[in-house]
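Visitor: My structure file final.txt, compact mmCIF, C-alpha atoms, is below:
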# COMPACT_ATOMS: atom_id res chain seq x y z
CA MET A 1 -72.42 0.93 -41.79
CA ARG A 2 -70.70 -2.24 -42.92
CA PHE A 3 -68.09 -0.36 -44.99
CA PRO A 4 -66.03 0.89 -42.06
CA THR A 5 -65.96 -2.64 -40.68
CA THR A 6 -64.50 -3.95 -43.93
CA ARG A 7 -61.94 -1.12 -44.04
CA THR A 8 -60.92 -1.77 -40.48
CA PHE A 9 -60.46 -5.43 -41.25
CA ALA A 10 -58.36 -4.58 -44.27
CA ILE A 11 -56.18 -2.23 -42.23
CA SER A 12 -55.68 -4.81 -39.54
CA ALA A 13 -54.94 -7.56 -42.01
CA VAL A 14 -52.34 -5.49 -43.87
CA ALA A 15 -50.74 -4.40 -40.59
CA MET A 16 -50.50 -7.97 -39.44
CA VAL A 17 -48.96 -9.02 -42.75
CA LEU A 18 -46.40 -6.21 -42.70
CA LEU A 19 -45.53 -6.64 -39.04
CA GLY A 20 -45.43 -10.40 -39.44
CA GLY A 21 -43.03 -10.03 -42.33
CA VAL A 22 -40.68 -7.90 -40.28
CA THR A 23 -40.91 -10.26 -37.31
CA ALA A 24 -40.33 -13.33 -39.47
CA SER A 25 -37.32 -11.67 -41.04
CA ALA A 26 -35.86 -10.96 -37.59
CA ARG A 27 -36.51 -14.53 -36.48
CA ALA A 28 -34.91 -15.91 -39.61
CA GLY A 29 -31.59 -14.39 -38.47
CA ASP A 30 -30.99 -11.91 -41.31
CA THR A 31 -27.40 -10.67 -41.39
CA GLY A 32 -27.54 -8.31 -44.33
CA PRO A 33 -28.61 -4.66 -44.58
CA SER A 34 -32.23 -5.65 -43.82
CA THR A 35 -31.40 -6.89 -40.27
CA ALA A 36 -33.93 -5.48 -37.80
CA LYS A 37 -32.62 -2.94 -35.32
CA PRO A 38 -34.00 -2.27 -31.82
CA THR A 39 -36.47 0.62 -31.75
CA SER A 40 -38.73 2.17 -29.16
CA SER A 41 -41.59 3.02 -31.54
CA VAL A 42 -43.17 1.89 -34.86
CA ILE A 43 -44.53 4.42 -37.40
CA TRP A 44 -47.54 3.63 -39.62
CA CYS A 45 -49.03 5.74 -42.39
CA ARG A 46 -52.72 5.22 -43.22
CA GLN A 47 -53.34 5.64 -46.93
CA THR A 48 -56.49 7.16 -48.44
CA ASN A 49 -57.73 3.68 -49.40
CA GLY A 50 -57.58 2.60 -45.78
CA LEU A 51 -54.47 0.45 -46.00
CA MET A 52 -51.64 0.90 -43.51
CA ARG A 53 -47.98 0.90 -44.39
CA GLN A 54 -45.03 0.83 -42.03
CA VAL A 55 -42.34 3.45 -42.49
CA TRP A 56 -38.93 4.24 -40.93
CA THR A 57 -39.10 6.10 -37.64
CA LYS A 58 -37.63 9.24 -39.21
CA SER A 59 -39.79 9.12 -42.34
CA GLU A 60 -42.80 11.39 -42.92
CA CYS A 61 -46.17 10.21 -44.21
CA ARG A 62 -47.28 11.30 -47.66
CA ALA A 63 -49.81 13.98 -48.36
CA GLY A 64 -53.29 12.84 -47.39
CA GLU A 65 -52.02 10.03 -45.14
CA SER A 66 -52.61 9.84 -41.43
CA LYS A 67 -49.66 9.08 -39.17
CA TYR A 68 -49.89 6.54 -36.35
CA VAL A 69 -47.13 5.91 -33.79
CA LEU A 70 -46.99 2.65 -31.88
CA LYS A 71 -44.65 3.06 -28.91
CA ALA A 72 -43.11 0.20 -26.99
CA GLY A 73 -43.91 0.02 -23.31
CA THR A 74 -41.52 -0.87 -20.49
CA GLY A 75 -41.37 -4.59 -19.93
CA PRO A 76 -41.61 -6.24 -16.50
CA VAL A 77 -38.52 -6.52 -14.30
CA GLY A 78 -36.77 -9.81 -14.86
CA PRO A 79 -36.02 -12.23 -12.02
CA ARG A 80 -32.93 -11.63 -9.90
CA GLY A 81 -29.90 -13.51 -11.10
CA VAL A 82 -28.15 -16.17 -9.08
CA PRO A 83 -25.33 -14.74 -6.84
CA GLY A 84 -21.89 -15.34 -8.23
CA ALA A 85 -19.36 -17.59 -6.56
CA THR A 86 -17.09 -16.15 -3.84
CA GLY A 87 -13.76 -15.04 -5.21
CA ALA A 88 -10.52 -16.68 -4.17
CA GLN A 89 -8.72 -15.24 -1.14
CA GLY A 90 -5.79 -13.01 -1.96
CA PRO A 91 -2.25 -13.94 -0.98
CA THR A 92 -1.15 -13.34 2.61
CA GLY A 93 1.32 -10.52 3.04
CA THR A 94 4.84 -11.30 4.14
CA THR A 95 5.89 -10.63 7.73
CA GLY A 96 8.29 -7.73 8.13
CA GLN A 97 11.75 -8.26 9.51
CA ALA A 98 12.26 -7.79 13.23
CA GLY A 99 13.98 -4.56 14.14
CA SER A 100 17.44 -4.59 15.64
CA ALA A 101 17.81 -4.42 19.41
CA GLY A 102 18.15 -0.95 20.81
CA ALA A 103 21.14 0.23 22.79
CA ARG A 104 21.17 -0.71 26.45
CA GLY A 105 20.17 2.10 28.73
CA PRO A 106 21.19 2.77 32.34
CA SER A 107 20.45 -0.34 34.38
CA ASP A 108 21.88 -0.80 37.89
CA LEU A 109 22.49 1.83 40.55
CA TYR A 110 25.09 1.18 43.24
CA PRO A 111 24.78 3.58 46.19
CA GLY A 112 27.51 4.26 48.69
CA THR A 113 27.29 4.02 52.44
CA SER A 114 25.81 7.55 52.73
CA ILE A 115 27.52 8.75 55.90
CA VAL A 116 25.56 11.44 57.70
CA GLN A 117 28.32 13.44 59.40
CA LEU A 118 32.10 13.11 59.98
CA VAL A 119 35.01 15.38 60.88
CA VAL A 120 37.50 16.10 58.10
CA GLY A 121 41.16 16.66 59.01
CA ASP A 122 44.22 17.74 57.08
CA THR A 123 44.95 14.13 56.00
CA LEU A 124 43.05 12.54 53.08
CA SER A 125 40.53 10.12 54.59
CA THR A 126 37.85 7.90 53.06
CA PHE A 127 34.27 8.96 53.76
CA ASP A 128 32.16 6.82 51.40
CA THR A 129 32.55 3.67 49.28
CA ALA A 130 30.55 1.86 46.56
CA ALA A 131 31.47 -1.66 45.33
CA VAL A 132 30.61 -2.46 41.69
CA PRO A 133 31.18 -5.35 39.23
CA ALA A 134 33.02 -4.95 35.92
CA GLY A 135 31.30 -2.47 33.58
CA SER A 136 30.94 1.19 32.68
CA TYR A 137 29.66 3.67 35.24
CA GLN A 138 28.63 7.26 35.81
CA VAL A 139 29.93 8.19 39.27
CA GLN A 140 28.85 11.19 41.29
CA PHE A 141 28.98 12.44 44.87
CA SER A 142 27.66 15.35 46.89
CA ALA A 143 28.03 16.70 50.46
CA PHE A 144 28.13 19.94 52.39
CA VAL A 145 30.86 21.27 54.73
CA PHE A 146 30.41 23.39 57.86
CA ASN A 147 31.94 24.07 61.31
CA SER A 148 35.38 24.87 59.90
CA THR A 149 37.95 25.93 62.48
CA VAL A 150 39.44 28.54 60.09
CA ASP A 151 38.86 29.89 56.62
CA GLN A 152 40.32 27.20 54.37
CA ASN A 153 39.74 24.89 51.39
CA ILE A 154 38.38 21.36 51.30
CA VAL A 155 39.51 18.87 48.66
CA CYS A 156 37.56 15.72 47.67
CA ALA A 157 38.26 13.01 45.06
CA VAL A 158 36.86 9.58 44.06
CA GLN A 159 39.34 6.82 43.30
CA PRO A 160 38.84 3.17 42.22
CA SER A 161 40.47 0.35 44.21
CA SER A 162 42.13 -0.98 41.02
CA GLY A 163 42.81 0.09 37.48
CA PRO A 164 43.43 3.60 36.12
CA ALA A 165 42.30 6.76 37.86
CA LEU A 166 38.68 7.76 37.75
CA ASN A 167 37.81 10.39 35.16
CA LEU A 168 36.57 12.78 37.83
CA PRO A 169 38.66 15.82 38.70
CA VAL A 170 39.75 16.60 42.22
CA THR A 171 37.11 18.96 43.59
CA HIS A 172 37.91 22.05 45.66
CA ALA A 173 35.57 24.26 47.71
CA ARG A 174 36.22 27.30 49.93
CA ILE A 175 34.86 27.07 53.48
CA LEU A 176 34.65 29.82 56.07
CA ALA A 177 35.23 29.55 59.79
CA GLY A 178 32.21 29.17 62.02
CA GLY A 179 29.46 26.67 62.66
CA LEU A 180 26.84 28.54 60.62
CA GLN A 181 28.88 28.75 57.41
CA GLU A 182 27.90 25.90 55.02
CA THR A 183 29.46 25.09 51.63
CA SER A 184 28.22 22.51 49.12
CA ILE A 185 30.64 20.28 47.24
CA SER A 186 29.82 17.81 44.42
CA ALA A 187 31.17 16.31 41.20
CA THR A 188 30.27 13.82 38.43
CA GLY A 189 32.59 11.56 36.45
CA TRP A 190 32.74 8.22 34.60
CA TYR A 191 34.75 5.03 34.69
CA THR A 192 35.04 1.64 32.94
CA ALA A 193 36.01 -1.16 35.32
CA VAL A 194 37.53 -4.27 33.75
CA ALA A 195 36.93 -6.17 37.00
CA SER A 196 35.08 -5.72 40.29
CA THR A 197 36.03 -2.37 41.78
CA THR A 198 35.30 -0.28 44.87
CA PHE A 199 34.95 3.48 44.45
CA ALA A 200 36.16 5.47 47.47
CA LEU A 201 35.45 9.12 48.26
CA GLY A 202 38.32 10.82 50.12
CA CYS A 203 38.42 14.37 51.49
CA ALA A 204 40.85 16.64 53.44
CA VAL A 205 41.08 20.27 54.52
CA SER A 206 43.99 22.45 53.46
CA GLY A 207 44.81 23.98 56.87
CA THR A 208 47.52 22.11 58.78
CA GLY A 209 46.09 20.86 62.02
CA GLN A 210 42.65 22.25 61.12
CA THR A 211 39.29 20.50 60.79
CA ALA A 212 35.78 20.86 59.35
CA THR A 213 32.62 18.77 59.42
CA LEU A 214 31.39 16.88 56.34
CA GLY A 215 27.65 16.13 56.32
CA ASP A 216 25.04 14.34 54.18
CA VAL A 217 27.64 12.51 52.12
CA SER A 218 26.12 10.66 49.15
CA MET A 219 27.90 8.75 46.39
CA THR A 220 26.35 6.61 43.61
CA ALA A 221 27.62 4.59 40.65
CA LEU A 222 25.10 4.16 37.78
CA GLN A 223 25.92 1.36 35.32
CA VAL A 224 25.55 2.30 31.63
CA ALA A 225 25.95 0.39 28.37
CA THR A 226 28.81 2.37 26.83
CA ILE A 227 30.87 5.44 27.52
CA HIS A 228 31.49 7.20 24.19
Would it be possible to restate this file's structure as structure tokens?

Guide:
Amino acid sequence: MRFPTTRTFAISAVAMVLLGGVTASARAGDTGPSTAKPTSSVIWCRQTNGLMRQVWTKSECRAGESKYVLKAGTGPVGPRGVPGATGAQGPTGTTGQAGSAGARGPSDLYPGTSIVQLVVGDTLSTFDTAAVPAGSYQVQFSAFVFNSTVDQNIVCAVQPSSGPALNLPVTHARILAGGLQETSISATGWYTAVASTTFALGCAVSGTGQTATLGDVSMTALQVATIH
């Protein structure tokens, strides 16, 4: 019964010598062809005399030898490393250029006197006015005509108090005799005043000695940036 003990001791001793030799070689810092390489298992072949010899992982044991595989286990998880330093802040982006100012839109509205009702004769008379400072304007008026003494035409026009004529054509409308016959009349034009100006709306009927009634007269001048 003592023989197996001796053989076991011999096997262990040889294994320790062989393994120790490999370990010592690795610790010595070999740089030649015999440098140890990482491996996940170690192969041993047990000879018939009880001795153990280490072989390459892809080698086969000889006839009559028993093969033993010593596999490496997974080691414990190492401690967490120290957090790295915070990186430097990136450069600040440049501020974009301010956009150009947009074109001026309509701004000020100048209404006329808005007369409710007046009689129109055969002589051109002023029925509404609107005073404005220098600038460019869209000018418009509207009214309705009724109570004409005969079938006739009515003519209306807007004129500035100074400067060239307003770019608004003379407006004509046909009116019929009778108090229940109503006709609308309106127009829109534009004007650039180089100084303070008063727009005046004048109207007259075409029949000599005839009349009609002009009601709900409204005239406005809307200031704009530019007339193209």

Visitor: For stretch 146-155 of chain A, take all atoms listed in the file, fit an axis-aligned box around them, add 5 Å to each of the six sides, then output centre and edge lengths in Å rounded to one decimal, as AutoDock Vina command-line options.

Guide:
--center_x 35.4 --center_y 24.4 --center_z 55.6 --size_x 19.9 --size_y 21.0 --size_z 23.8

Visitor: Just the number, please: distance in Å from atom CA of A:Val69 to atom CA of A:Gln47, one decimal.

Guide: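 According to the coordinates, atom CA of A:Val69 and atom CA of A:Gln47 are separated by 14.5 Å.
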
Visitor: Separation of atom CA of A:Gln152 and atom CA of A:Ala212, in Å?

Guide: 9.3 Å

Visitor: Which residue is closest to A:Gly112? Choose from A:Leu124, A:Ala173, A:Val158, A:Leu168 and count only C-alpha atoms.

Guide: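 Ranking A:Leu124, A:Ala173, A:Val158, A:Leu168 by distance to A:Gly112, first place goes to A:Val158.
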
Visitor: If you count only C-alpha atoms, which residues fall within 8 Å of A:Pro169, apart from same-chain ones fewer than 5 positions away, as an MDAnalysis selection string?

Guide: chainID A and resid 157 187 189

Visitor: Compute the distance from (26.0, 3.2, 56.1) to each atom, counting only C-alpha atoms, keep the residues with any atom at most 12 Å away, and return them as a PyMOL selection string; use the coordinates of the file.

Guide: chain A and resi 111-117+127-130+216-219

Visitor: What is the atom CA of A:Ala195-atom CA of A:Gly105 distance in Å, reported with one decimal?

Guide: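 Answer for the atom CA of A:Ala195 to atom CA of A:Gly105 separation: 20.4 Å.
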
Visitor: Of the candidates A:Gln181, A:Asn153, A:Ser161, A:Thr220, which shows the shortest atom-to-atom distance to A:Val205, using all atoms listed in the file?

Guide: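 The shortest atom-to-atom distance to A:Val205 comes from A:Asn153.
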
Visitor: From the options A:Val120, A:Ala143, A:Val194, A:Ile185, which residue's atoms come nearest to A:Gln210, counting only C-alpha atoms?

Guide: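 Among the listed residues, the smallest separation from A:Gln210 belongs to A:Val120.
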
Visitor: So, with all atoms listed in the file as the atoms that count, which of A:Ile43, A:Thr183, A:Ala131, A:Gln138 lies closest to A:Pro160?

Guide: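 Selected residue with least distance to A:Pro160: A:Ala131.
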
Visitor: For each of A:Gly215, A:Gly163, A:Pro133, A:Gly93, take the minimum atom-to-atom distance to A:Asn147, counting all atoms listed in the file, then give the residue where this is smallest.

Guide: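 Ranking A:Gly215, A:Gly163, A:Pro133, A:Gly93 by distance to A:Asn147, first place goes to A:Gly215.
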
Visitor: At a cut-off of 10 Å from (39.8, 25.7, 51.7) in the coordinates of the file, what residues are picked up using only C-alpha atoms, written as a list in words?

Guide: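 Applying the cut-off with only C-alpha atoms, one gets Ser148, Val150, Asp151, Gln152, Asn153, Ile154, Val155, His172, Ala173, Arg174, Ile175, Leu176, Ala204, Val205, Ser206, Gly207 and Ala212 of chain A.
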
Visitor: Rank A:Val145, A:Val132, A:Val77, A:Val170 by their smallest atom-to-atom distance to A:Thr213, using all atoms listed in the file, and report the top residue only.

Guide: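 The closest residue to A:Thr213 is A:Val145.
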